[in-house]
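Visitor: Okay, handing you the structure first.
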Amino acid sequence: MQHEIEKESKRYMDIIQGNFVDSYRNLTYKLVFSLFWVNNFCKNAKFVIKMDDDIITNIPLLVPYLAEKEKAEKTSDLLECQTITENSPVRERNNKWFITLEEYPFTKFLPYCAGHSSIMSIDVVRKIYRASKNVPYLWLEDVYGSGFLSLLLKINLFMPTFYYESVLNGLHKSPCSLFYLDVLKNDSNALVLWNTITEHEKDSTVCKLF
């Protein structure tokens with residue numbers, strides 16, 4: 001497997017590999033490692049997009065959206081995402097998200113970003129990475145990264161009304177959301193979504209973003 005990874009990396013130059021097992025309970029390691037990488041190798045970036053592989057990004061809409069923020073000089077302390085404000089720890093042992101009282105003794109989670117995607121200004125990436133060195137590990141990466149660390153840093157979470165949309169079997173209207181969650185997690189469905197976005201690229205001018 002490692003040989004195949006290295007072959008693909010050499011061919012496409014789009015893989016960054018960390019020294020840990022890529023498993024669900026290690027997602028926080030992946031988050032912190034990605035923050036480390038961006039902090040060290042993307043010094044001239046203004047914004048960073050974090051997203052899962054079942055997210056389709058509406059690039060024709062996202063680029064002008066961020067350009068407007070840059071024009072308005074809103075390029076710092078920015079963390080936009082699907083904000084989860086009411087959620088409780090799962091205490092059933094057979095559940096995928098089971099968390100012990102020792103790991104998290106409280107009855108409610110702090111507001112945090114859903115893990116599928118987020119938009120961060122580069123200063124937020126740097127602040128969160130530095131803070132991660134002093135905050136105890138929690139394997140729920142979304143609760144840890146955008147919950148614990150953003151609270152510590154006094155960074156406000158914000159969710160635009162057009163931020164994201166879950167899609168089951170294609171879009172039936174102009175694509176006016178920044179991100180689309182591919183519910184089926186299917187490559188062919190993702191391609192259909194992307195083709196719809198590119199076919200309606202000129203329609204992005206009718207989307208109300210501000």
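Quick note on naming: the chains in the structure tokens go A, B, ... in the order shown, residues restart at 1 in each chain, and ligands are numbered from 1 in order of appearance.
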Determine, using only C-alpha atoms, which residues of segment 140-193 of chain A have any atom at most 8 Å from an atom of segment 79-83 of chain A, and tabulate each with its shortest atom pair and distance in Å to one decimal place, rows ordered by chain and then rising number, as a tab-separated table.
Guide:
```
residue	atom	partner	partner_atom	distance
A:Ile155	CA	A:Leu79	CA	7.4
A:Asn156	CA	A:Leu79	CA	6.9
A:Leu157	CA	A:Leu79	CA	5.4
A:Phe158	CA	A:Glu80	CA	4.7
A:Met159	CA	A:Cys81	CA	5.2
A:Pro160	CA	A:Glu80	CA	7.4
A:Tyr163	CA	A:Cys81	CA	7.0
A:Tyr164	CA	A:Gln82	CA	7.4
```
Visitor: Enumerate, as a ChimeraX atom specification, the complete set of residues in segment 75-202 of chain A that a backbone-based DSSP assignment places in strand (DSSP E).
Guide: /A:79-84,112-121,164-167,179-182
Visitor: Skipping near chain neighbours, those fewer than 4 positions away, what residues fall within 6 Å of segment 56-67 of chain A using only C-alpha atoms, listed as a ChimeraX atom specification?
Guide: /A:178-180,201,204
Visitor: Output N, CA, C and O atoms for every residue in that selection, as a compact mmCIF listing (two decimals), in the first residue's frame.
Guide:
```
# COMPACT_ATOMS: atom_id res chain seq x y z
N LEU A 178 -22.08 27.26 -1.25
CA LEU A 178 -20.63 27.18 -1.39
C LEU A 178 -20.15 25.73 -1.43
O LEU A 178 -19.20 25.40 -2.14
N PHE A 179 -20.82 24.88 -0.64
CA PHE A 179 -20.41 23.47 -0.57
C PHE A 179 -21.64 22.57 -0.68
O PHE A 179 -22.72 22.93 -0.22
N TYR A 180 -21.42 21.39 -1.26
CA TYR A 180 -22.49 20.38 -1.35
C TYR A 180 -21.99 19.08 -0.75
O TYR A 180 -20.90 18.60 -1.10
N GLU A 201 -22.19 27.82 -14.30
CA GLU A 201 -21.19 28.74 -13.77
C GLU A 201 -21.61 30.20 -13.90
O GLU A 201 -21.44 31.00 -12.98
N SER A 204 -23.90 31.92 -11.22
CA SER A 204 -23.41 32.34 -9.90
C SER A 204 -23.60 33.83 -9.68
O SER A 204 -23.66 34.30 -8.54
```
Visitor: Name the residues of segment 85-143 of chain A that fall into helix (DSSP H, G or I) according to DSSP on the backbone, using the chain letters and numbers of this document, as a PDB file with N, CA, C and O atoms, in the first residue's frame.
Guide:
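File selection05.pdb, as written:
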```pdb
ATOM      1  N   ILE A 122      -5.961  32.618   7.190  1.00  0.00           N
ATOM      2  CA  ILE A 122      -4.670  31.999   7.513  1.00  0.00           C
ATOM      3  C   ILE A 122      -4.244  32.287   8.954  1.00  0.00           C
ATOM      4  O   ILE A 122      -3.598  31.457   9.601  1.00  0.00           O
ATOM      5  N   ASP A 123      -4.633  33.433   9.496  1.00  0.00           N
ATOM      6  CA  ASP A 123      -4.261  33.740  10.878  1.00  0.00           C
ATOM      7  C   ASP A 123      -4.963  32.797  11.852  1.00  0.00           C
ATOM      8  O   ASP A 123      -4.407  32.434  12.892  1.00  0.00           O
ATOM      9  N   VAL A 124      -6.187  32.360  11.518  1.00  0.00           N
ATOM     10  CA  VAL A 124      -6.908  31.404  12.370  1.00  0.00           C
ATOM     11  C   VAL A 124      -6.207  30.055  12.349  1.00  0.00           C
ATOM     12  O   VAL A 124      -6.072  29.395  13.388  1.00  0.00           O
ATOM     13  N   VAL A 125      -5.731  29.637  11.177  1.00  0.00           N
ATOM     14  CA  VAL A 125      -4.966  28.389  11.078  1.00  0.00           C
ATOM     15  C   VAL A 125      -3.757  28.436  12.011  1.00  0.00           C
ATOM     16  O   VAL A 125      -3.493  27.497  12.764  1.00  0.00           O
ATOM     17  N   ARG A 126      -3.036  29.525  11.957  1.00  0.00           N
ATOM     18  CA  ARG A 126      -1.821  29.658  12.775  1.00  0.00           C
ATOM     19  C   ARG A 126      -2.153  29.672  14.260  1.00  0.00           C
ATOM     20  O   ARG A 126      -1.476  29.033  15.073  1.00  0.00           O
ATOM     21  N   LYS A 127      -3.204  30.401  14.630  1.00  0.00           N
ATOM     22  CA  LYS A 127      -3.591  30.483  16.040  1.00  0.00           C
ATOM     23  C   LYS A 127      -4.031  29.120  16.571  1.00  0.00           C
ATOM     24  O   LYS A 127      -3.658  28.715  17.674  1.00  0.00           O
ATOM     25  N   ILE A 128      -4.863  28.413  15.778  1.00  0.00           N
ATOM     26  CA  ILE A 128      -5.363  27.111  16.216  1.00  0.00           C
ATOM     27  C   ILE A 128      -4.220  26.106  16.323  1.00  0.00           C
ATOM     28  O   ILE A 128      -4.168  25.303  17.264  1.00  0.00           O
ATOM     29  N   TYR A 129      -3.294  26.148  15.387  1.00  0.00           N
ATOM     30  CA  TYR A 129      -2.147  25.223  15.449  1.00  0.00           C
ATOM     31  C   TYR A 129      -1.322  25.470  16.703  1.00  0.00           C
ATOM     32  O   TYR A 129      -0.963  24.523  17.419  1.00  0.00           O
ATOM     33  N   ARG A 130      -1.032  26.729  17.000  1.00  0.00           N
ATOM     34  CA  ARG A 130      -0.244  27.032  18.201  1.00  0.00           C
ATOM     35  C   ARG A 130      -0.991  26.601  19.464  1.00  0.00           C
ATOM     36  O   ARG A 130      -0.403  26.038  20.387  1.00  0.00           O
ATOM     37  N   ALA A 131      -2.287  26.842  19.501  1.00  0.00           N
ATOM     38  CA  ALA A 131      -3.081  26.489  20.679  1.00  0.00           C
ATOM     39  C   ALA A 131      -3.162  24.984  20.881  1.00  0.00           C
ATOM     40  O   ALA A 131      -3.255  24.504  22.025  1.00  0.00           O
ATOM     41  N   SER A 132      -3.109  24.201  19.790  1.00  0.00           N
ATOM     42  CA  SER A 132      -3.218  22.745  19.896  1.00  0.00           C
ATOM     43  C   SER A 132      -2.071  22.132  20.696  1.00  0.00           C
ATOM     44  O   SER A 132      -2.190  21.028  21.216  1.00  0.00           O
ATOM     45  N   GLU A 141     -12.452  15.419  16.415  1.00  0.00           N
ATOM     46  CA  GLU A 141     -11.665  16.536  15.867  1.00  0.00           C
ATOM     47  C   GLU A 141     -12.462  17.801  15.659  1.00  0.00           C
ATOM     48  O   GLU A 141     -11.927  18.902  15.792  1.00  0.00           O
ATOM     49  N   ASP A 142     -13.753  17.675  15.329  1.00  0.00           N
ATOM     50  CA  ASP A 142     -14.544  18.888  15.130  1.00  0.00           C
ATOM     51  C   ASP A 142     -14.798  19.602  16.457  1.00  0.00           C
ATOM     52  O   ASP A 142     -14.689  20.820  16.563  1.00  0.00           O
ATOM     53  N   VAL A 143     -15.108  18.824  17.498  1.00  0.00           N
ATOM     54  CA  VAL A 143     -15.305  19.397  18.838  1.00  0.00           C
ATOM     55  C   VAL A 143     -14.000  20.001  19.349  1.00  0.00           C
ATOM     56  O   VAL A 143     -13.982  21.094  19.934  1.00  0.00           O
TER      57      VAL A 143
END
```
Visitor: Could you check which of A:Ile55, A:Leu152, A:Ala72, A:Ile119 is closest to Trp194 of chain A, using only C-alpha atoms?
Guide: A:Ile55
Visitor: Please list as a PDB file with all heavy atoms, in the first residue's frame every residue within 10 Å of segment 16-26 of chain A, counting only C-alpha atoms and excluding residues in the same chain fewer than 2 positions away.
Guide:
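What landed in out-v8.pdb:
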```
ATOM      1  N   ILE A   5       0.905   4.392  -2.656  1.00  0.00           N
ATOM      2  CA  ILE A   5       0.754   5.791  -2.226  1.00  0.00           C
ATOM      3  C   ILE A   5       1.881   6.648  -2.801  1.00  0.00           C
ATOM      4  O   ILE A   5       1.658   7.745  -3.320  1.00  0.00           O
ATOM      5  CB  ILE A   5       0.737   5.891  -0.688  1.00  0.00           C
ATOM      6  CG1 ILE A   5      -0.548   5.288  -0.126  1.00  0.00           C
ATOM      7  CG2 ILE A   5       0.872   7.356  -0.234  1.00  0.00           C
ATOM      8  CD1 ILE A   5      -0.555   5.142   1.374  1.00  0.00           C
ATOM      9  N   GLU A   6       3.097   6.129  -2.722  1.00  0.00           N
ATOM     10  CA  GLU A   6       4.251   6.877  -3.219  1.00  0.00           C
ATOM     11  C   GLU A   6       4.200   7.050  -4.741  1.00  0.00           C
ATOM     12  O   GLU A   6       4.595   8.092  -5.271  1.00  0.00           O
ATOM     13  CB  GLU A   6       5.540   6.177  -2.786  1.00  0.00           C
ATOM     14  CG  GLU A   6       5.785   6.292  -1.280  1.00  0.00           C
ATOM     15  CD  GLU A   6       6.954   5.452  -0.798  1.00  0.00           C
ATOM     16  OE1 GLU A   6       7.644   4.841  -1.646  1.00  0.00           O
ATOM     17  OE2 GLU A   6       7.176   5.399   0.427  1.00  0.00           O
ATOM     18  N   SER A   9       1.624   9.726  -5.374  1.00  0.00           N
ATOM     19  CA  SER A   9       2.169  11.014  -4.950  1.00  0.00           C
ATOM     20  C   SER A   9       3.152  11.556  -5.991  1.00  0.00           C
ATOM     21  O   SER A   9       3.147  12.749  -6.306  1.00  0.00           O
ATOM     22  CB  SER A   9       2.863  10.864  -3.601  1.00  0.00           C
ATOM     23  OG  SER A   9       3.417  12.095  -3.179  1.00  0.00           O
ATOM     24  N   MET A  13       1.468  14.584  -7.285  1.00  0.00           N
ATOM     25  CA  MET A  13       2.040  15.546  -6.334  1.00  0.00           C
ATOM     26  C   MET A  13       0.950  16.213  -5.493  1.00  0.00           C
ATOM     27  O   MET A  13       0.943  17.432  -5.299  1.00  0.00           O
ATOM     28  CB  MET A  13       2.877  16.594  -7.073  1.00  0.00           C
ATOM     29  CG  MET A  13       4.024  16.000  -7.856  1.00  0.00           C
ATOM     30  SD  MET A  13       5.017  17.218  -8.737  1.00  0.00           S
ATOM     31  CE  MET A  13       5.787  18.068  -7.366  1.00  0.00           C
ATOM     32  N   ASP A  14      -0.008  15.416  -5.001  1.00  0.00           N
ATOM     33  CA  ASP A  14      -1.124  15.985  -4.229  1.00  0.00           C
ATOM     34  C   ASP A  14      -1.397  15.214  -2.935  1.00  0.00           C
ATOM     35  O   ASP A  14      -2.500  15.277  -2.392  1.00  0.00           O
ATOM     36  CB  ASP A  14      -2.388  16.034  -5.096  1.00  0.00           C
ATOM     37  CG  ASP A  14      -2.879  14.638  -5.487  1.00  0.00           C
ATOM     38  OD1 ASP A  14      -2.149  13.659  -5.246  1.00  0.00           O
ATOM     39  OD2 ASP A  14      -3.995  14.529  -6.029  1.00  0.00           O
ATOM     40  N   THR A  28      -8.185  13.800  14.839  1.00  0.00           N
ATOM     41  CA  THR A  28      -7.593  14.999  15.447  1.00  0.00           C
ATOM     42  C   THR A  28      -6.122  15.105  15.086  1.00  0.00           C
ATOM     43  O   THR A  28      -5.612  16.202  14.846  1.00  0.00           O
ATOM     44  CB  THR A  28      -7.798  14.999  16.971  1.00  0.00           C
ATOM     45  OG1 THR A  28      -9.201  15.031  17.253  1.00  0.00           O
ATOM     46  CG2 THR A  28      -7.148  16.219  17.619  1.00  0.00           C
ATOM     47  N   TYR A  29      -5.421  13.954  15.025  1.00  0.00           N
ATOM     48  CA  TYR A  29      -4.031  13.972  14.576  1.00  0.00           C
ATOM     49  C   TYR A  29      -3.956  14.502  13.134  1.00  0.00           C
ATOM     50  O   TYR A  29      -3.074  15.282  12.787  1.00  0.00           O
ATOM     51  CB  TYR A  29      -3.422  12.571  14.633  1.00  0.00           C
ATOM     52  CG  TYR A  29      -3.159  12.065  16.024  1.00  0.00           C
ATOM     53  CD1 TYR A  29      -3.679  10.851  16.454  1.00  0.00           C
ATOM     54  CD2 TYR A  29      -2.372  12.798  16.921  1.00  0.00           C
ATOM     55  CE1 TYR A  29      -3.444  10.381  17.731  1.00  0.00           C
ATOM     56  CE2 TYR A  29      -2.130  12.339  18.199  1.00  0.00           C
ATOM     57  CZ  TYR A  29      -2.668  11.129  18.609  1.00  0.00           C
ATOM     58  OH  TYR A  29      -2.437  10.661  19.882  1.00  0.00           O
ATOM     59  N   LYS A  30      -4.899  14.053  12.296  1.00  0.00           N
ATOM     60  CA  LYS A  30      -4.914  14.502  10.904  1.00  0.00           C
ATOM     61  C   LYS A  30      -5.168  16.011  10.845  1.00  0.00           C
ATOM     62  O   LYS A  30      -4.530  16.720  10.049  1.00  0.00           O
ATOM     63  CB  LYS A  30      -5.979  13.752  10.124  1.00  0.00           C
ATOM     64  CG  LYS A  30      -6.010  14.121   8.643  1.00  0.00           C
ATOM     65  CD  LYS A  30      -7.142  13.425   7.913  1.00  0.00           C
ATOM     66  CE  LYS A  30      -6.851  11.979   7.651  1.00  0.00           C
ATOM     67  NZ  LYS A  30      -7.865  11.339   6.774  1.00  0.00           N
ATOM     68  N   LEU A  31      -6.093  16.501  11.672  1.00  0.00           N
ATOM     69  CA  LEU A  31      -6.387  17.930  11.709  1.00  0.00           C
ATOM     70  C   LEU A  31      -5.144  18.730  12.093  1.00  0.00           C
ATOM     71  O   LEU A  31      -4.757  19.680  11.399  1.00  0.00           O
ATOM     72  CB  LEU A  31      -7.512  18.218  12.701  1.00  0.00           C
ATOM     73  CG  LEU A  31      -7.740  19.695  13.035  1.00  0.00           C
ATOM     74  CD1 LEU A  31      -8.262  20.449  11.817  1.00  0.00           C
ATOM     75  CD2 LEU A  31      -8.692  19.848  14.211  1.00  0.00           C
ATOM     76  N   PHE A  33      -2.028  17.837  12.086  1.00  0.00           N
ATOM     77  CA  PHE A  33      -0.972  17.674  11.086  1.00  0.00           C
ATOM     78  C   PHE A  33      -1.224  18.580   9.880  1.00  0.00           C
ATOM     79  O   PHE A  33      -0.290  19.196   9.347  1.00  0.00           O
ATOM     80  CB  PHE A  33      -0.889  16.214  10.648  1.00  0.00           C
ATOM     81  CG  PHE A  33       0.140  15.969   9.573  1.00  0.00           C
ATOM     82  CD1 PHE A  33       1.492  16.090   9.845  1.00  0.00           C
ATOM     83  CD2 PHE A  33      -0.255  15.620   8.291  1.00  0.00           C
ATOM     84  CE1 PHE A  33       2.439  15.873   8.850  1.00  0.00           C
ATOM     85  CE2 PHE A  33       0.684  15.401   7.297  1.00  0.00           C
ATOM     86  CZ  PHE A  33       2.035  15.528   7.575  1.00  0.00           C
ATOM     87  N   SER A  34      -2.476  18.690   9.450  1.00  0.00           N
ATOM     88  CA  SER A  34      -2.791  19.563   8.313  1.00  0.00           C
ATOM     89  C   SER A  34      -2.552  21.031   8.679  1.00  0.00           C
ATOM     90  O   SER A  34      -2.051  21.806   7.855  1.00  0.00           O
ATOM     91  CB  SER A  34      -4.233  19.350   7.852  1.00  0.00           C
ATOM     92  OG  SER A  34      -5.154  19.766   8.844  1.00  0.00           O
ATOM     93  N   TRP A  37       1.118  21.588   8.489  1.00  0.00           N
ATOM     94  CA  TRP A  37       1.615  21.663   7.112  1.00  0.00           C
ATOM     95  C   TRP A  37       1.296  23.023   6.486  1.00  0.00           C
ATOM     96  O   TRP A  37       2.168  23.664   5.884  1.00  0.00           O
ATOM     97  CB  TRP A  37       1.012  20.531   6.284  1.00  0.00           C
ATOM     98  CG  TRP A  37       1.750  20.291   5.009  1.00  0.00           C
ATOM     99  CD1 TRP A  37       2.806  19.460   4.800  1.00  0.00           C
ATOM    100  CD2 TRP A  37       1.496  20.921   3.748  1.00  0.00           C
ATOM    101  NE1 TRP A  37       3.226  19.521   3.496  1.00  0.00           N
ATOM    102  CE2 TRP A  37       2.443  20.413   2.819  1.00  0.00           C
ATOM    103  CE3 TRP A  37       0.558  21.856   3.310  1.00  0.00           C
ATOM    104  CZ2 TRP A  37       2.472  20.809   1.499  1.00  0.00           C
ATOM    105  CZ3 TRP A  37       0.593  22.264   1.970  1.00  0.00           C
ATOM    106  CH2 TRP A  37       1.540  21.737   1.087  1.00  0.00           C
ATOM    107  N   LYS A  96     -20.745   4.584  17.367  1.00  0.00           N
ATOM    108  CA  LYS A  96     -19.496   5.040  16.742  1.00  0.00           C
ATOM    109  C   LYS A  96     -18.909   6.244  17.458  1.00  0.00           C
ATOM    110  O   LYS A  96     -17.684   6.397  17.536  1.00  0.00           O
ATOM    111  CB  LYS A  96     -19.782   5.381  15.275  1.00  0.00           C
ATOM    112  CG  LYS A  96     -18.613   5.946  14.494  1.00  0.00           C
ATOM    113  CD  LYS A  96     -19.038   6.284  13.072  1.00  0.00           C
ATOM    114  CE  LYS A  96     -17.895   6.873  12.264  1.00  0.00           C
ATOM    115  NZ  LYS A  96     -18.300   7.196  10.870  1.00  0.00           N
ATOM    116  N   TRP A  97     -19.766   7.120  17.973  1.00  0.00           N
ATOM    117  CA  TRP A  97     -19.313   8.362  18.607  1.00  0.00           C
ATOM    118  C   TRP A  97     -19.304   8.287  20.137  1.00  0.00           C
ATOM    119  O   TRP A  97     -19.290   9.307  20.809  1.00  0.00           O
ATOM    120  CB  TRP A  97     -20.187   9.529  18.144  1.00  0.00           C
ATOM    121  CG  TRP A  97     -20.000   9.838  16.697  1.00  0.00           C
ATOM    122  CD1 TRP A  97     -18.948  10.500  16.123  1.00  0.00           C
ATOM    123  CD2 TRP A  97     -20.873   9.477  15.625  1.00  0.00           C
ATOM    124  NE1 TRP A  97     -19.116  10.580  14.769  1.00  0.00           N
ATOM    125  CE2 TRP A  97     -20.290   9.963  14.414  1.00  0.00           C
ATOM    126  CE3 TRP A  97     -22.082   8.801  15.544  1.00  0.00           C
ATOM    127  CZ2 TRP A  97     -20.879   9.781  13.177  1.00  0.00           C
ATOM    128  CZ3 TRP A  97     -22.681   8.623  14.298  1.00  0.00           C
ATOM    129  CH2 TRP A  97     -22.074   9.101  13.136  1.00  0.00           C
ATOM    130  N   LEU A 138      -8.428  15.405  22.206  1.00  0.00           N
ATOM    131  CA  LEU A 138      -9.742  14.769  22.197  1.00  0.00           C
ATOM    132  C   LEU A 138      -9.955  14.240  20.787  1.00  0.00           C
ATOM    133  O   LEU A 138      -9.769  14.963  19.808  1.00  0.00           O
ATOM    134  CB  LEU A 138     -10.852  15.754  22.563  1.00  0.00           C
ATOM    135  CG  LEU A 138     -12.263  15.144  22.609  1.00  0.00           C
ATOM    136  CD1 LEU A 138     -12.421  14.228  23.824  1.00  0.00           C
ATOM    137  CD2 LEU A 138     -13.329  16.230  22.626  1.00  0.00           C
ATOM    138  N   TRP A 139     -10.354  12.981  20.657  1.00  0.00           N
ATOM    139  CA  TRP A 139     -10.416  12.345  19.337  1.00  0.00           C
ATOM    140  C   TRP A 139     -11.546  12.866  18.452  1.00  0.00           C
ATOM    141  O   TRP A 139     -11.525  12.660  17.242  1.00  0.00           O
ATOM    142  CB  TRP A 139     -10.506  10.829  19.474  1.00  0.00           C
ATOM    143  CG  TRP A 139     -11.737  10.342  20.183  1.00  0.00           C
ATOM    144  CD1 TRP A 139     -11.884  10.145  21.515  1.00  0.00           C
ATOM    145  CD2 TRP A 139     -12.985   9.989  19.586  1.00  0.00           C
ATOM    146  NE1 TRP A 139     -13.148   9.692  21.804  1.00  0.00           N
ATOM    147  CE2 TRP A 139     -13.847   9.575  20.634  1.00  0.00           C
ATOM    148  CE3 TRP A 139     -13.472   9.966  18.276  1.00  0.00           C
ATOM    149  CZ2 TRP A 139     -15.155   9.167  20.407  1.00  0.00           C
ATOM    150  CZ3 TRP A 139     -14.774   9.554  18.046  1.00  0.00           C
ATOM    151  CH2 TRP A 139     -15.602   9.151  19.106  1.00  0.00           C
ATOM    152  N   LEU A 140     -12.524  13.568  19.024  1.00  0.00           N
ATOM    153  CA  LEU A 140     -13.571  14.209  18.213  1.00  0.00           C
ATOM    154  C   LEU A 140     -12.996  15.500  17.635  1.00  0.00           C
ATOM    155  O   LEU A 140     -13.026  16.550  18.266  1.00  0.00           O
ATOM    156  CB  LEU A 140     -14.809  14.487  19.064  1.00  0.00           C
ATOM    157  CG  LEU A 140     -15.564  13.249  19.565  1.00  0.00           C
ATOM    158  CD1 LEU A 140     -16.600  13.642  20.611  1.00  0.00           C
ATOM    159  CD2 LEU A 140     -16.251  12.538  18.395  1.00  0.00           C
ATOM    160  N   GLU A 141     -12.452  15.419  16.415  1.00  0.00           N
ATOM    161  CA  GLU A 141     -11.665  16.536  15.867  1.00  0.00           C
ATOM    162  C   GLU A 141     -12.462  17.801  15.659  1.00  0.00           C
ATOM    163  O   GLU A 141     -11.927  18.902  15.792  1.00  0.00           O
ATOM    164  CB  GLU A 141     -10.972  16.114  14.572  1.00  0.00           C
ATOM    165  CG  GLU A 141     -11.858  15.461  13.529  1.00  0.00           C
ATOM    166  CD  GLU A 141     -12.446  16.425  12.541  1.00  0.00           C
ATOM    167  OE1 GLU A 141     -11.934  17.544  12.422  1.00  0.00           O
ATOM    168  OE2 GLU A 141     -13.437  16.067  11.891  1.00  0.00           O
TER     169      GLU A 141
END
```
